[in-house]
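Trainee: Pasting structure19.txt here (compact mmCIF, C-alpha atoms):
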```
# COMPACT_ATOMS: atom_id res chain seq x y z
CA MET A 104 53.50 -16.96 27.92
CA ALA A 105 51.03 -19.09 29.82
CA ARG A 106 47.51 -17.72 29.63
CA HIS A 107 44.02 -18.13 31.06
CA GLY A 108 40.51 -17.51 29.84
CA ASP A 109 40.19 -19.35 26.54
CA ILE A 110 39.18 -22.92 25.63
CA SER A 111 42.02 -23.55 23.20
CA SER A 112 45.63 -24.70 23.22
CA SER A 113 48.42 -24.70 20.64
CA GLU A 114 51.56 -26.58 19.71
CA ASP A 115 53.41 -24.47 22.29
CA THR A 116 50.83 -24.70 25.06
CA VAL A 117 49.50 -27.56 27.16
CA GLY A 118 45.83 -27.13 28.01
CA VAL A 119 45.43 -28.13 31.69
CA CYS A 120 42.15 -28.45 33.57
CA VAL A 121 41.79 -29.00 37.32
CA PHE A 122 38.40 -30.41 38.31
CA GLN A 123 37.10 -29.67 41.82
CA TYR A 124 35.24 -32.90 42.54
CA PRO A 125 33.07 -33.09 45.70
CA MET A 126 34.46 -35.55 48.24
CA PRO A 127 32.48 -38.80 47.98
CA ARG A 128 31.59 -41.01 50.96
CA LEU A 129 31.68 -44.59 49.74
CA HIS A 130 31.72 -47.99 51.42
CA THR A 131 31.86 -50.77 48.81
CA THR A 132 33.69 -51.67 45.61
CA GLU A 133 30.40 -51.41 43.73
CA GLN A 134 29.96 -47.82 44.90
CA VAL A 135 33.55 -47.03 43.94
CA MET A 136 33.04 -48.38 40.42
CA GLU A 137 29.82 -46.40 40.02
CA ASN A 138 31.60 -43.23 41.13
CA ALA A 139 34.46 -43.95 38.70
CA LYS A 140 31.92 -44.06 35.87
CA LYS A 141 30.85 -40.53 36.81
CA ILE A 142 34.47 -39.38 36.65
CA CYS A 143 34.85 -40.97 33.20
CA ASP A 144 31.77 -39.10 32.00
CA ILE A 145 33.30 -35.86 33.32
CA VAL A 146 36.50 -36.54 31.35
CA LYS A 147 34.56 -36.90 28.12
CA GLY A 148 32.13 -34.06 28.79
CA THR A 149 34.79 -31.57 29.84
CA LYS A 150 36.76 -32.28 26.67
CA MET A 151 33.70 -31.31 24.66
CA GLY A 152 33.55 -27.95 26.42
CA LEU A 153 37.31 -27.38 26.40
CA PRO A 154 38.48 -28.67 23.00
CA GLY A 155 42.04 -27.54 23.70
CA MET A 156 42.27 -29.58 26.91
CA ASP A 157 45.28 -31.89 26.90
CA LEU A 158 45.19 -32.91 30.57
CA ILE A 159 42.52 -33.15 33.28
CA VAL A 160 43.37 -33.56 36.97
CA PHE A 161 41.08 -34.89 39.70
CA PRO A 162 41.55 -34.47 43.48
CA GLU A 163 42.98 -36.93 45.96
CA TYR A 164 40.28 -39.34 47.18
CA SER A 165 37.95 -38.40 44.32
CA THR A 166 37.63 -41.99 43.09
CA MET A 167 37.21 -43.89 46.35
CA GLY A 168 36.62 -41.29 49.04
CA ILE A 169 38.14 -41.63 52.49
CA MET A 170 37.38 -45.04 53.98
CA TYR A 171 37.09 -44.20 57.66
CA ASP A 172 36.36 -47.88 58.34
CA LYS A 173 39.60 -49.90 58.16
CA GLN A 174 37.95 -53.04 56.82
CA GLU A 175 36.29 -51.05 54.06
CA MET A 176 39.69 -49.59 53.19
CA PHE A 177 41.15 -53.07 52.73
CA ASP A 178 38.07 -54.44 50.96
CA THR A 179 38.06 -51.66 48.35
CA ALA A 180 41.84 -51.44 47.82
CA CYS A 181 42.64 -51.97 44.15
CA THR A 182 45.41 -53.26 41.94
CA ILE A 183 47.23 -51.20 39.30
CA PRO A 184 46.60 -51.96 36.53
CA GLY A 185 43.10 -53.18 37.26
CA PRO A 186 39.41 -52.52 36.57
CA LEU A 187 39.56 -48.89 37.72
CA THR A 188 42.59 -47.93 35.65
CA ASP A 189 41.14 -49.84 32.69
CA MET A 190 38.00 -47.71 32.97
CA PHE A 191 39.97 -44.46 33.23
CA GLY A 192 42.22 -45.48 30.36
CA ALA A 193 39.25 -46.14 28.10
CA ALA A 194 37.78 -42.72 28.92
CA CYS A 195 41.08 -40.94 28.21
CA LYS A 196 41.49 -42.76 24.90
CA GLU A 197 37.93 -42.01 23.82
CA ALA A 198 38.25 -38.33 24.73
CA GLY A 199 41.81 -38.01 23.43
CA VAL A 200 43.13 -36.49 26.65
CA TRP A 201 45.58 -37.26 29.46
CA GLY A 202 44.24 -37.69 32.99
CA VAL A 203 45.42 -37.84 36.60
CA PHE A 204 43.36 -40.10 38.85
CA SER A 205 43.50 -40.89 42.58
CA LEU A 206 43.45 -44.45 43.91
CA THR A 207 43.10 -44.64 47.69
CA GLY A 208 44.26 -47.16 48.11
CA GLU A 209 46.44 -49.36 46.02
CA GLN A 210 46.98 -52.82 47.49
CA HIS A 211 50.30 -53.31 49.27
CA GLU A 212 52.62 -56.01 47.95
CA GLU A 213 51.76 -57.93 51.15
CA HIS A 214 48.03 -57.22 51.00
CA PRO A 215 46.09 -57.65 53.26
CA LYS A 216 48.80 -57.89 55.92
CA LYS A 217 49.94 -54.29 55.41
CA ASN A 218 48.12 -51.04 54.77
CA PRO A 219 47.56 -49.86 51.18
CA TYR A 220 49.34 -47.04 49.39
CA ASN A 221 47.83 -43.68 48.46
CA THR A 222 48.51 -43.63 44.72
CA LEU A 223 48.08 -41.46 41.62
CA VAL A 224 48.21 -42.59 38.03
CA LEU A 225 48.92 -40.46 34.97
CA ILE A 226 47.21 -41.94 31.92
CA ASN A 227 47.99 -40.74 28.40
CA ASP A 228 45.61 -40.08 25.52
CA GLN A 229 46.08 -43.64 24.30
CA GLY A 230 44.77 -45.02 27.59
CA GLU A 231 48.18 -46.14 28.87
CA ILE A 232 49.49 -45.68 32.41
CA VAL A 233 52.69 -43.68 31.98
CA GLN A 234 53.37 -42.72 35.60
CA LYS A 235 52.48 -44.14 38.99
CA TYR A 236 53.24 -42.19 42.15
CA ARG A 237 52.77 -43.32 45.76
CA LYS A 238 52.38 -40.63 48.42
CA LEU A 239 55.71 -40.26 50.18
CA LEU A 240 54.46 -38.27 53.16
CA PRO A 241 51.03 -39.41 54.35
CA TRP A 242 49.09 -36.92 56.47
CA THR A 243 49.96 -38.40 59.84
CA PRO A 244 48.63 -38.96 62.42
CA ILE A 245 45.28 -39.34 60.63
CA GLU A 246 46.25 -41.13 57.41
CA GLY A 247 47.42 -44.71 57.81
CA TRP A 248 48.77 -45.26 54.30
CA THR A 249 52.04 -47.12 53.89
CA PRO A 250 54.60 -44.44 52.90
CA GLY A 251 55.43 -44.50 49.22
CA ASN A 252 58.51 -46.38 48.01
CA LEU A 253 58.81 -45.17 44.42
CA GLY A 254 60.31 -41.75 45.09
CA THR A 255 59.41 -38.87 42.80
CA VAL A 256 58.91 -39.56 39.10
CA VAL A 257 59.32 -37.36 36.02
CA THR A 258 57.56 -38.34 32.80
CA ASP A 259 57.19 -36.82 29.36
CA GLY A 260 53.60 -35.59 29.63
CA PRO A 261 51.27 -34.07 27.04
CA LYS A 262 53.17 -32.38 24.20
CA GLY A 263 56.42 -33.36 25.90
CA MET A 264 55.97 -31.25 29.05
CA LYS A 265 58.05 -32.85 31.82
CA THR A 266 55.54 -33.83 34.49
CA SER A 267 55.68 -34.95 38.13
CA MET A 268 52.95 -35.73 40.63
CA ILE A 269 52.80 -35.22 44.37
CA ILE A 270 49.86 -35.65 46.74
CA CYS A 271 48.35 -33.19 49.22
CA ASP A 272 50.52 -33.14 52.38
CA ASP A 273 53.59 -33.95 50.28
CA GLY A 274 53.40 -30.32 49.17
CA ASN A 275 54.19 -28.99 52.64
CA TYR A 276 57.78 -30.21 52.32
CA PRO A 277 60.04 -28.05 50.11
CA GLU A 278 62.31 -31.02 49.48
CA ILE A 279 59.81 -32.84 47.27
CA TRP A 280 59.25 -29.84 44.98
CA ARG A 281 62.99 -29.32 44.58
CA ASP A 282 63.52 -33.00 43.85
CA CYS A 283 60.90 -32.94 41.09
CA ALA A 284 62.24 -29.70 39.61
CA MET A 285 65.89 -30.71 39.71
CA ARG A 286 64.99 -33.93 37.94
CA GLY A 287 63.46 -31.88 35.15
CA ALA A 288 59.78 -31.43 36.02
CA GLU A 289 58.17 -28.42 34.35
CA LEU A 290 54.71 -29.16 35.73
CA VAL A 291 54.07 -30.46 39.24
CA ILE A 292 50.56 -31.83 39.71
CA ARG A 293 49.22 -31.71 43.27
CA PRO A 294 45.88 -33.49 43.76
CA GLN A 295 44.72 -32.96 47.32
CA GLY A 296 41.89 -33.66 49.72
CA TYR A 297 42.65 -30.70 51.94
CA MET A 298 40.21 -29.50 54.53
CA TYR A 299 39.69 -26.50 56.73
CA PRO A 300 41.27 -24.90 58.71
CA ALA A 301 44.43 -24.90 56.52
CA LYS A 302 43.01 -23.12 53.45
CA GLU A 303 45.17 -19.99 53.51
CA GLN A 304 48.37 -21.92 54.09
CA GLN A 305 47.73 -24.40 51.28
CA VAL A 306 46.86 -21.74 48.74
CA VAL A 307 50.08 -19.92 49.58
CA VAL A 308 52.40 -22.93 49.62
CA SER A 309 51.64 -24.02 46.05
CA LYS A 310 52.23 -20.49 44.76
CA CYS A 311 55.44 -20.17 46.77
CA MET A 312 56.81 -23.51 45.58
CA ALA A 313 56.00 -22.64 41.95
CA TRP A 314 58.11 -19.50 42.34
CA CYS A 315 60.96 -21.14 44.24
CA ASN A 316 61.29 -23.99 41.74
CA GLN A 317 60.29 -22.38 38.43
CA VAL A 318 57.54 -24.93 37.82
CA TYR A 319 53.93 -24.77 36.76
CA VAL A 320 51.63 -26.14 39.46
CA ALA A 321 48.20 -27.69 38.96
CA VAL A 322 46.24 -28.17 42.19
CA ALA A 323 42.98 -30.13 42.17
CA ASN A 324 41.32 -30.06 45.59
CA ALA A 325 38.11 -31.58 46.86
CA SER A 326 35.03 -29.65 47.94
CA GLY A 327 32.06 -30.41 50.18
CA PHE A 328 31.54 -32.26 53.47
CA ASP A 329 31.97 -36.03 53.91
CA GLY A 330 30.56 -36.27 57.40
CA VAL A 331 33.95 -35.72 59.04
CA TYR A 332 35.81 -32.94 57.23
CA THR A 333 34.84 -29.93 55.12
CA TYR A 334 37.05 -29.48 52.06
CA PHE A 335 37.87 -25.92 51.03
CA GLY A 336 38.29 -26.30 47.29
CA HIS A 337 40.33 -23.46 45.76
CA SER A 338 41.72 -25.70 43.04
CA ALA A 339 44.17 -23.63 41.01
CA ILE A 340 46.67 -23.44 38.20
CA VAL A 341 49.81 -21.44 39.01
CA GLY A 342 52.42 -20.05 36.64
CA PHE A 343 56.11 -20.79 37.10
CA ASP A 344 56.54 -17.22 38.37
CA GLY A 345 54.24 -17.96 41.32
CA ARG A 346 51.28 -15.98 40.02
CA THR A 347 47.88 -17.63 39.89
CA LEU A 348 46.47 -18.16 36.42
CA GLY A 349 43.08 -19.33 37.66
CA GLU A 350 41.57 -20.36 41.00
CA CYS A 351 38.22 -21.87 41.99
CA GLY A 352 36.21 -20.85 45.03
CA THR A 353 34.56 -23.43 47.27
CA GLU A 354 31.99 -24.67 44.74
CA ASP A 355 31.35 -28.32 43.88
CA ASN A 356 32.36 -29.35 40.34
CA GLY A 357 34.28 -26.15 39.69
CA ILE A 358 37.00 -26.08 37.07
CA GLN A 359 39.94 -23.94 36.10
CA TYR A 360 41.67 -24.15 32.77
CA ALA A 361 44.87 -22.59 31.48
CA GLN A 362 47.33 -22.92 28.62
CA LEU A 363 50.87 -23.57 29.87
CA SER A 364 53.60 -22.49 27.50
CA LEU A 365 56.45 -24.90 26.90
CA SER A 366 58.76 -22.33 25.34
CA ALA A 367 58.23 -19.77 28.12
CA ILE A 368 59.32 -21.99 31.01
CA ARG A 369 62.27 -23.35 29.06
CA ASP A 370 63.37 -19.85 28.08
CA ALA A 371 63.09 -18.66 31.70
CA ARG A 372 65.13 -21.52 33.06
CA LYS A 373 67.81 -20.95 30.45
CA ASN A 374 68.04 -17.16 30.51
CA ASP A 375 66.70 -15.79 33.82
CA GLN A 376 69.42 -14.74 36.24
CA SER A 377 68.58 -13.08 39.57
CA GLN A 378 65.65 -15.41 40.34
CA ASN A 379 66.93 -18.58 38.71
CA GLN A 380 66.89 -20.64 41.90
CA LEU A 381 67.50 -23.97 40.16
CA PHE A 382 70.76 -22.66 38.67
CA LYS A 383 71.93 -20.50 41.57
CA LEU A 384 71.60 -23.20 44.23
CA LEU A 385 74.31 -25.29 42.57
CA HIS A 386 76.40 -22.34 41.40
CA ARG A 387 76.40 -20.60 44.75
CA GLY A 388 77.91 -17.13 44.75
CA TYR A 389 79.27 -17.42 41.21
CA THR A 390 79.74 -13.65 40.83
CA GLY A 391 82.13 -13.47 43.76
CA VAL A 392 83.83 -16.75 42.98
CA TYR A 393 84.59 -15.56 39.46
CA ALA A 394 85.80 -12.16 40.72
CA ASN A 395 88.14 -13.95 43.12
CA GLY A 396 89.67 -15.95 40.29
CA ASP A 397 88.41 -19.20 41.76
CA GLY A 398 86.53 -20.48 38.74
CA VAL A 399 83.47 -19.71 36.65
CA LYS A 400 80.93 -22.12 38.17
CA GLY A 401 80.45 -20.96 41.75
CA GLU A 402 80.26 -23.33 44.73
CA ALA A 403 78.56 -26.69 44.17
CA GLU A 404 79.11 -28.34 47.56
CA CYS A 405 76.04 -28.62 49.80
CA PRO A 406 76.43 -26.08 52.66
CA PHE A 407 73.56 -27.45 54.75
CA GLU A 408 74.58 -29.66 57.67
CA PHE A 409 71.16 -31.25 58.12
CA TYR A 410 70.94 -32.51 54.54
CA ASN A 411 74.45 -33.92 54.62
CA ILE A 412 73.63 -35.81 57.81
CA TRP A 413 70.28 -37.03 56.45
CA VAL A 414 71.96 -38.58 53.41
CA THR A 415 74.84 -40.18 55.29
CA ASN A 416 73.13 -41.07 58.59
CA PRO A 417 69.31 -41.00 58.51
CA LEU A 418 68.91 -42.07 62.14
CA ALA A 419 71.15 -39.23 63.30
CA ALA A 420 69.02 -36.83 61.25
CA GLN A 421 65.92 -38.30 62.87
CA GLU A 422 67.47 -37.58 66.28
CA MET A 423 68.05 -33.97 65.20
CA SER A 424 64.35 -33.72 64.38
CA GLU A 425 63.38 -35.19 67.73
CA LYS A 426 65.61 -32.76 69.64
CA VAL A 427 63.69 -29.79 68.25
CA THR A 428 60.26 -31.49 68.41
CA ARG A 429 59.56 -34.67 70.43
CA PRO A 430 60.84 -38.27 70.66
CA THR A 431 57.45 -40.03 70.37
CA ILE A 432 54.83 -40.27 67.64
CA GLY A 433 52.03 -39.83 70.17
CA VAL A 434 51.15 -36.62 72.02
CA SER A 435 49.67 -37.10 75.48
CA CYS A 436 47.67 -33.84 75.49
CA CYS A 437 45.75 -34.80 72.32
CA PRO A 438 45.52 -38.57 71.78
CA VAL A 439 44.74 -39.89 68.29
CA ALA A 440 43.19 -43.32 67.78
CA GLY A 441 45.73 -45.90 66.61
CA ILE A 442 48.76 -43.94 67.85
CA PRO A 443 50.41 -45.17 71.08
CA ALA A 444 50.48 -42.77 73.99
CA PRO A 445 53.98 -41.52 74.86
CA GLU A 446 54.05 -43.61 78.02
CA GLU A 447 53.51 -46.81 76.04
CA THR A 448 56.24 -45.90 73.57
CA GLU A 449 58.71 -45.09 76.32
CA GLU A 450 58.02 -48.42 78.03
CA LEU A 451 58.68 -50.28 74.77
CA GLU A 452 61.93 -48.37 74.28
CA GLU A 453 63.05 -49.20 77.80
CA LEU A 454 62.22 -52.86 77.28
CA ALA A 455 64.06 -52.94 73.97
CA SER A 456 67.08 -51.38 75.64
CA GLU A 457 67.00 -53.97 78.43
CA LEU A 458 66.85 -56.76 75.85
CA ASN A 459 69.71 -55.17 73.87
CA LEU A 460 67.44 -54.70 70.84
CA THR A 461 68.57 -51.12 70.26
```
Just give me the structure as structure tokens.
Mentor:
Amino acid sequence: MARHGDISSSEDTVGVCVFQYPMPRLHTTEQVMENAKKICDIVKGTKMGLPGMDLIVFPEYSTMGIMYDKQEMFDTACTIPGPLTDMFGAACKEAGVWGVFSLTGEQHEEHPKKNPYNTLVLINDQGEIVQKYRKLLPWTPIEGWTPGNLGTVVTDGPKGMKTSMIICDDGNYPEIWRDCAMRGAELVIRPQGYMYPAKEQQVVVSKCMAWCNQVYVAVANASGFDGVYTYFGHSAIVGFDGRTLGECGTEDNGIQYAQLSLSAIRDARKNDQSQNQLFKLLHRGYTGVYANGDGVKGEAECPFEFYNIWVTNPLAAQEMSEKVTRPTIGVSCCPVAGIPAPEETEELEELASELNLT
């Protein structure tokens, strides 16, 4: 089984470290590069202390910080591959470890006309980028990243463990976890830059999604105060049964390390029955179906109206969302800079209707 407390790993276990890096406040490319050098030194130093470490994960925003100034965000946006990923790749190769690094942001294809992406890279122990993930669900209304367009990705990670990455607010949507798991992910990595007051909820959601999807979860969160937000830390490694293997407090530069068993998760997915959600969802009610003489597989058809509509008619699904929430992105009682007030949106919709644009 997966275990916690030692510095080793074995052929059957992947040694995973989550590093709780304090949120930096940076303004220039030079400062970003200097900070990246510190992260590279951490990769190499941590490997010395944890010789079994196969993978190290850093939080969202750990490389570049949050650029609260829009021009600084565009000026520091990077390319992938580029100088930053070259630096991280060299550190991973020298240390002989895999690493997950945050790049906020990655230049848009139409840079600088459009906002950057919030991106993660998974780099192997040979210094090669083997997975790139762009945040699908930016933390609106505050984050202005262009929504990701690469979907979820599953890669053969260290020792062959199937690995996916998601970012921070992505993890509040059950759909993304299920998509990763159904595509084969055994480990979902969730770097985040999550701040108070949502500590309790975020600790719970990663544990819950590990249990519901039979996946290991590695959460690397930021700590400290960047002048705007205070980050609650609590980086953690969670077993596929939803139980925490190790969890930090609120300290800067905290780490957790655990050995994640390959054979255990594969055995559970193959042989568990009553709590095998990945199997039961697509073999719905198989006990009764078999008893009724209607086959041995259970029901495979999706029984959820919303998901069927979303796939076949996204705008109709969007209307369903708006009927139970609101029709505008802005909220008049609590305006957010850069988001149009509801009155402005409604006027634009009326004008579009008059011009037959909708």
Trainee: Select, from A:Arg106, A:Ile269, A:Ile169, A:Ala193, the residue with the minimum atom-to-atom distance to Phe343 (chain A), counting only C-alpha atoms.
Mentor: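 Closest to Phe343 (chain A), using only C-alpha atoms: A:Arg106.
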Trainee: Find, counting only C-alpha atoms, the residue in A:Met190, A:Leu153, A:Met136, A:Ala323 that gets nearest to Gly118 (chain A).
Mentor: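 Among A:Met190, A:Leu153, A:Met136, A:Ala323, it is A:Leu153 that comes nearest to Gly118 (chain A).
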Trainee: When you look at region 301-303 of chain A with a cut-off of 10 Å (counting all atoms listed in the file), what residues show up, excluding the ones that are within fewer than 2 positions of it in the same chain? I need them as a VMD selection string.
Mentor: chain A and resid 297 to 299 305 to 308 334 to 337
Trainee: Considering only C-alpha atoms, can you say which of A:Gly192, A:Gly345, A:Pro219, A:Gly287 comes closest to Pro241 (chain A)?
Mentor: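 Between A:Gly192, A:Gly345, A:Pro219, A:Gly287, the residue approaching Pro241 (chain A) most closely is A:Pro219.
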Trainee: Please report the interatomic distance between CA of Tyr236 (chain A) and CA of Val322 (chain A) in Å with one decimal.
Mentor: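 That distance, rounded to one decimal, is 15.7 Å.
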Trainee: By how many Å are CA of Cys311 (chain A) and CA of Gly342 (chain A) apart?
Mentor: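 Value for the CA of Cys311 (chain A)-CA of Gly342 (chain A) distance: 10.6 Å.
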Trainee: Using only C-alpha atoms, find the one residue out of A:Gly388, A:Pro244, A:Gly230, A:Gly330 that sits nearest to Gly433 (chain A).
Mentor: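 Closest to Gly433 (chain A), using only C-alpha atoms: A:Pro244.
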Trainee: Near Ser366 (chain A), counting only C-alpha atoms, which residues have an atom at most 7 Å away, once you skip same-chain residues fewer than 3 positions from it, shown as JSON, numbers by chain?
Mentor: {"A": [115, 369, 370]}
Trainee: Tell me which protein, DNA and RNA residues are within 12 Å of Thr249 (chain A), counting only C-alpha atoms, leaving out same-chain ones fewer than 4 positions away, and put them as a ChimeraX atom specification.
Mentor: /A:207-214,216-222,237-243,253
Trainee: Can you tell me which residues surround region 350-356 of chain A at a distance of at most 7 Å, considering all atoms listed in the file, apart from same-chain residues fewer than 2 positions away, and format the answer as an MDAnalysis selection string?
Mentor: chainID A and resid 122:125 326:327 335:340 347 358:359
Trainee: In Å, rounded to a single decimal, give me how far CA of Gly391 (chain A) is from CA of Arg286 (chain A).
Mentor: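 Separation between CA of Arg286 (chain A) and CA of Gly391 (chain A): 27.3 Å.
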Trainee: Export region 372-381 of chain A of the preceding structure, keeping all heavy atoms, as a PDB file, in the first residue's frame.
Mentor:
```
ATOM      1  N   ARG A 372      -8.663  -0.942  -8.391  1.00  0.00           N
ATOM      2  CA  ARG A 372      -9.538  -0.655  -9.535  1.00  0.00           C
ATOM      3  C   ARG A 372     -10.028  -1.938 -10.207  1.00  0.00           C
ATOM      4  O   ARG A 372     -11.149  -1.988 -10.711  1.00  0.00           O
ATOM      5  CB  ARG A 372      -8.803   0.221 -10.552  1.00  0.00           C
ATOM      6  CG  ARG A 372      -8.636   1.669 -10.097  1.00  0.00           C
ATOM      7  CD  ARG A 372      -7.967   2.514 -11.156  1.00  0.00           C
ATOM      8  NE  ARG A 372      -7.992   3.930 -10.802  1.00  0.00           N
ATOM      9  CZ  ARG A 372      -7.544   4.894 -11.597  1.00  0.00           C
ATOM     10  NH1 ARG A 372      -7.035   4.588 -12.787  1.00  0.00           N
ATOM     11  NH2 ARG A 372      -7.607   6.156 -11.215  1.00  0.00           N
ATOM     12  N   LYS A 373      -9.215  -2.967 -10.164  1.00  0.00           N
ATOM     13  CA  LYS A 373      -9.602  -4.222 -10.804  1.00  0.00           C
ATOM     14  C   LYS A 373     -10.548  -5.049  -9.935  1.00  0.00           C
ATOM     15  O   LYS A 373     -11.489  -5.675 -10.453  1.00  0.00           O
ATOM     16  CB  LYS A 373      -8.346  -5.049 -11.132  1.00  0.00           C
ATOM     17  CG  LYS A 373      -8.636  -6.365 -11.836  1.00  0.00           C
ATOM     18  CD  LYS A 373      -7.346  -7.089 -12.189  1.00  0.00           C
ATOM     19  CE  LYS A 373      -7.632  -8.406 -12.902  1.00  0.00           C
ATOM     20  NZ  LYS A 373      -6.371  -9.123 -13.260  1.00  0.00           N
ATOM     21  N   ASN A 374     -10.334  -5.047  -8.619  1.00  0.00           N
ATOM     22  CA  ASN A 374     -11.018  -6.016  -7.770  1.00  0.00           C
ATOM     23  C   ASN A 374     -12.008  -5.434  -6.764  1.00  0.00           C
ATOM     24  O   ASN A 374     -12.837  -6.184  -6.227  1.00  0.00           O
ATOM     25  CB  ASN A 374      -9.978  -6.849  -7.016  1.00  0.00           C
ATOM     26  CG  ASN A 374      -9.156  -7.720  -7.958  1.00  0.00           C
ATOM     27  OD1 ASN A 374      -9.711  -8.469  -8.741  1.00  0.00           O
ATOM     28  ND2 ASN A 374      -7.840  -7.579  -7.906  1.00  0.00           N
ATOM     29  N   ASP A 375     -11.937  -4.148  -6.459  1.00  0.00           N
ATOM     30  CA  ASP A 375     -12.919  -3.574  -5.532  1.00  0.00           C
ATOM     31  C   ASP A 375     -14.302  -3.581  -6.176  1.00  0.00           C
ATOM     32  O   ASP A 375     -14.438  -3.483  -7.402  1.00  0.00           O
ATOM     33  CB  ASP A 375     -12.528  -2.146  -5.148  1.00  0.00           C
ATOM     34  CG  ASP A 375     -11.424  -2.109  -4.103  1.00  0.00           C
ATOM     35  OD1 ASP A 375     -10.937  -3.188  -3.718  1.00  0.00           O
ATOM     36  OD2 ASP A 375     -11.051  -0.998  -3.681  1.00  0.00           O
ATOM     37  N   GLN A 376     -15.331  -3.669  -5.340  1.00  0.00           N
ATOM     38  CA  GLN A 376     -16.682  -3.822  -5.870  1.00  0.00           C
ATOM     39  C   GLN A 376     -17.649  -2.730  -5.404  1.00  0.00           C
ATOM     40  O   GLN A 376     -18.090  -1.896  -6.201  1.00  0.00           O
ATOM     41  CB  GLN A 376     -17.225  -5.204  -5.490  1.00  0.00           C
ATOM     42  CG  GLN A 376     -16.384  -6.339  -6.059  1.00  0.00           C
ATOM     43  CD  GLN A 376     -17.003  -7.691  -5.855  1.00  0.00           C
ATOM     44  OE1 GLN A 376     -18.062  -7.989  -6.402  1.00  0.00           O
ATOM     45  NE2 GLN A 376     -16.358  -8.529  -5.050  1.00  0.00           N
ATOM     46  N   SER A 377     -17.956  -2.676  -4.123  1.00  0.00           N
ATOM     47  CA  SER A 377     -19.016  -1.771  -3.660  1.00  0.00           C
ATOM     48  C   SER A 377     -18.655  -0.302  -3.804  1.00  0.00           C
ATOM     49  O   SER A 377     -19.546   0.556  -3.907  1.00  0.00           O
ATOM     50  CB  SER A 377     -19.365  -2.070  -2.196  1.00  0.00           C
ATOM     51  OG  SER A 377     -18.260  -1.822  -1.350  1.00  0.00           O
ATOM     52  N   GLN A 378     -17.355   0.031  -3.802  1.00  0.00           N
ATOM     53  CA  GLN A 378     -16.940   1.428  -3.918  1.00  0.00           C
ATOM     54  C   GLN A 378     -16.092   1.667  -5.172  1.00  0.00           C
ATOM     55  O   GLN A 378     -15.284   2.589  -5.220  1.00  0.00           O
ATOM     56  CB  GLN A 378     -16.157   1.857  -2.670  1.00  0.00           C
ATOM     57  CG  GLN A 378     -16.932   1.714  -1.378  1.00  0.00           C
ATOM     58  CD  GLN A 378     -18.209   2.546  -1.370  1.00  0.00           C
ATOM     59  OE1 GLN A 378     -18.296   3.582  -2.009  1.00  0.00           O
ATOM     60  NE2 GLN A 378     -19.217   2.084  -0.652  1.00  0.00           N
ATOM     61  N   ASN A 379     -16.326   0.866  -6.183  1.00  0.00           N
ATOM     62  CA  ASN A 379     -15.585   1.018  -7.432  1.00  0.00           C
ATOM     63  C   ASN A 379     -16.375   1.939  -8.363  1.00  0.00           C
ATOM     64  O   ASN A 379     -17.020   1.501  -9.304  1.00  0.00           O
ATOM     65  CB  ASN A 379     -15.351  -0.344  -8.081  1.00  0.00           C
ATOM     66  CG  ASN A 379     -14.268  -0.304  -9.138  1.00  0.00           C
ATOM     67  OD1 ASN A 379     -14.058   0.715  -9.786  1.00  0.00           O
ATOM     68  ND2 ASN A 379     -13.571  -1.416  -9.315  1.00  0.00           N
ATOM     69  N   GLN A 380     -16.309   3.251  -8.054  1.00  0.00           N
ATOM     70  CA  GLN A 380     -17.138   4.220  -8.769  1.00  0.00           C
ATOM     71  C   GLN A 380     -16.842   4.251 -10.270  1.00  0.00           C
ATOM     72  O   GLN A 380     -17.764   4.437 -11.089  1.00  0.00           O
ATOM     73  CB  GLN A 380     -16.948   5.622  -8.191  1.00  0.00           C
ATOM     74  CG  GLN A 380     -17.589   5.844  -6.829  1.00  0.00           C
ATOM     75  CD  GLN A 380     -16.824   5.213  -5.687  1.00  0.00           C
ATOM     76  OE1 GLN A 380     -17.380   4.446  -4.921  1.00  0.00           O
ATOM     77  NE2 GLN A 380     -15.528   5.513  -5.571  1.00  0.00           N
ATOM     78  N   LEU A 381     -15.590   4.074 -10.647  1.00  0.00           N
ATOM     79  CA  LEU A 381     -15.233   4.157 -12.058  1.00  0.00           C
ATOM     80  C   LEU A 381     -15.876   3.018 -12.860  1.00  0.00           C
ATOM     81  O   LEU A 381     -16.220   3.190 -14.035  1.00  0.00           O
ATOM     82  CB  LEU A 381     -13.709   4.111 -12.233  1.00  0.00           C
ATOM     83  CG  LEU A 381     -12.922   5.244 -11.562  1.00  0.00           C
ATOM     84  CD1 LEU A 381     -11.437   5.104 -11.895  1.00  0.00           C
ATOM     85  CD2 LEU A 381     -13.442   6.604 -11.967  1.00  0.00           C
TER      86      LEU A 381
END
```
